[in-house]
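Notes follow once the structure below has been shown.
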Amino acid sequence: MRHLLILFILLIQLDQIRSQESTPREFRGVWIATVANIDWPSSKNLSSEEQKKEIINLLDLLKNMNFNAIIFQIRPAADAFYNSKYEPWSSYLTGENDKAPAPYYDPLAFIIEETHNRGIEFHAWLNPYRAMVNIHEYQSNPFKLTYEHSEWFINYGKNKYFNPGVPQVRAYTNKIVKDIVQNYDIDAIHFDDYFYPYKIKNQDFPDADTFKKYGGVFYPDRLTDWRRDNVNLIIRQLIQTIKSTKPWVQIGISPFGVWRNKNDDAR
């Protein structure tokens, strides 16, 4: 009986271990925004060492708070917080467009390594459509693609956007994502603002010419369906690009979650 009791206890313990192993790990992620220096770096004027110190302190804090993933904004617009083949260094990093950190280091490679050293996943957060945050602000070394392929872009409100209806824009975005996935040890790609821009009162999104050219079966009276299809197309293509490059890289999307307006629905 004594041996049977010991065996029974061991079986219970083994079952508990198996149960723990089969239970998916809880996702405890935190967003780190770089646009307008919201979270990191705290200023455009920091040295490379000061930037490193800030991110290390932030990662240590998140580790102590038991977070296991960060969603880090590496492309706030058509710019880069990494050594990109195609887009300029972000002005939020060094104070000027296309100015590398000095002394040189690759922030993305550095942050990925420090994140993984703490047992935390690194999710690279990109904004696929936004090309310029404020077209009315002075831009040092403006992104030359906006002049070389002006037909790819639309000004709406204060921002400049890649036009989602242009097939070449979708191809370019996929090229950007593939470059990141190929060259960095990321755990996931995360897309934000993958939808058309928030509507501005009394101002139409100026894509009528694009709709006429690329609308296909949707033209001329199904503009909103065409726009939705453009979003579906780019997400489908991006998933194929990521999975064909590194199948283990995860994909995340921040959905448009506004389901009602209190001004119109007081319930």
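Each chain in the structure tokens gets a letter, A, B and so on, in the order shown; residues start at 1 in every chain, and ligands are counted from 1 in the order they appear.
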So that I can check the surroundings of Val231 of chain A, please list as a tab-separated table (two decimals) with N, CA and C atoms, in the first residue's frame every protein, DNA and RNA residue that reaches within 9 Å of it, counting only C-alpha atoms and ignoring chain neighbours fewer than 6 positions away.
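Contents of selection.tsv, as written:
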chain	number	residue	atom	x	y	z
A	164	PRO	N	-3.32	53.71	-49.92
A	164	PRO	CA	-3.53	52.26	-49.84
A	164	PRO	C	-4.05	51.63	-51.12
A	165	GLY	N	-4.60	52.43	-52.03
A	165	GLY	CA	-5.17	51.89	-53.25
A	165	GLY	C	-4.17	51.67	-54.36
A	194	TYR	N	-3.53	50.29	-39.66
A	194	TYR	CA	-3.51	49.60	-40.95
A	194	TYR	C	-4.76	49.94	-41.75
A	195	PHE	N	-5.72	50.61	-41.12
A	195	PHE	CA	-6.94	51.02	-41.79
A	195	PHE	C	-6.76	52.42	-42.40
A	196	TYR	N	-7.77	52.84	-43.16
A	196	TYR	CA	-7.73	54.20	-43.71
A	196	TYR	C	-7.79	55.21	-42.57
So which residues of segment 1-222 of chain A fall under strand (DSSP E or B) by DSSP, listed as a ChimeraX atom specification?
/A:29-32,69-75,80,89,121-126,130-132,153-156,159-162,188-191,200,203
So which bits of segment 127-219 of chain A end up helix (DSSP H, G or I) when you DSSP the backbone, as a ChimeraX atom specification?
/A:145-148,150-152,167-183,208-214,216-218
Quote the spacing between atom CA of Tyr147 of chain A and atom CA of Asp79 of chain A in Å to one decimal place.
15.3 Å
For segment 82-84 of chain A, please output as an NGL selection string all residues within 7 Å (counting only C-alpha atoms; exclusion window: fewer than 5 positions along the same chain).
:A and (106-108)
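Nearest residue to Pro88 of chain A among A:Phe205, A:Phe143, A:Tyr138, A:Phe122 is A:Phe143, counting only C-alpha atoms.
When only C-alpha atoms are used to compute distances to Asn66 of chain A, the closest of the residues A:Gly119, A:Pro128, A:Pro103, A:Pro197 turns out to be A:Gly119.
If you look at atom CA of Ile120 of chain A and atom CA of Ile189 of chain A, they are 14.8 Å away from each other.
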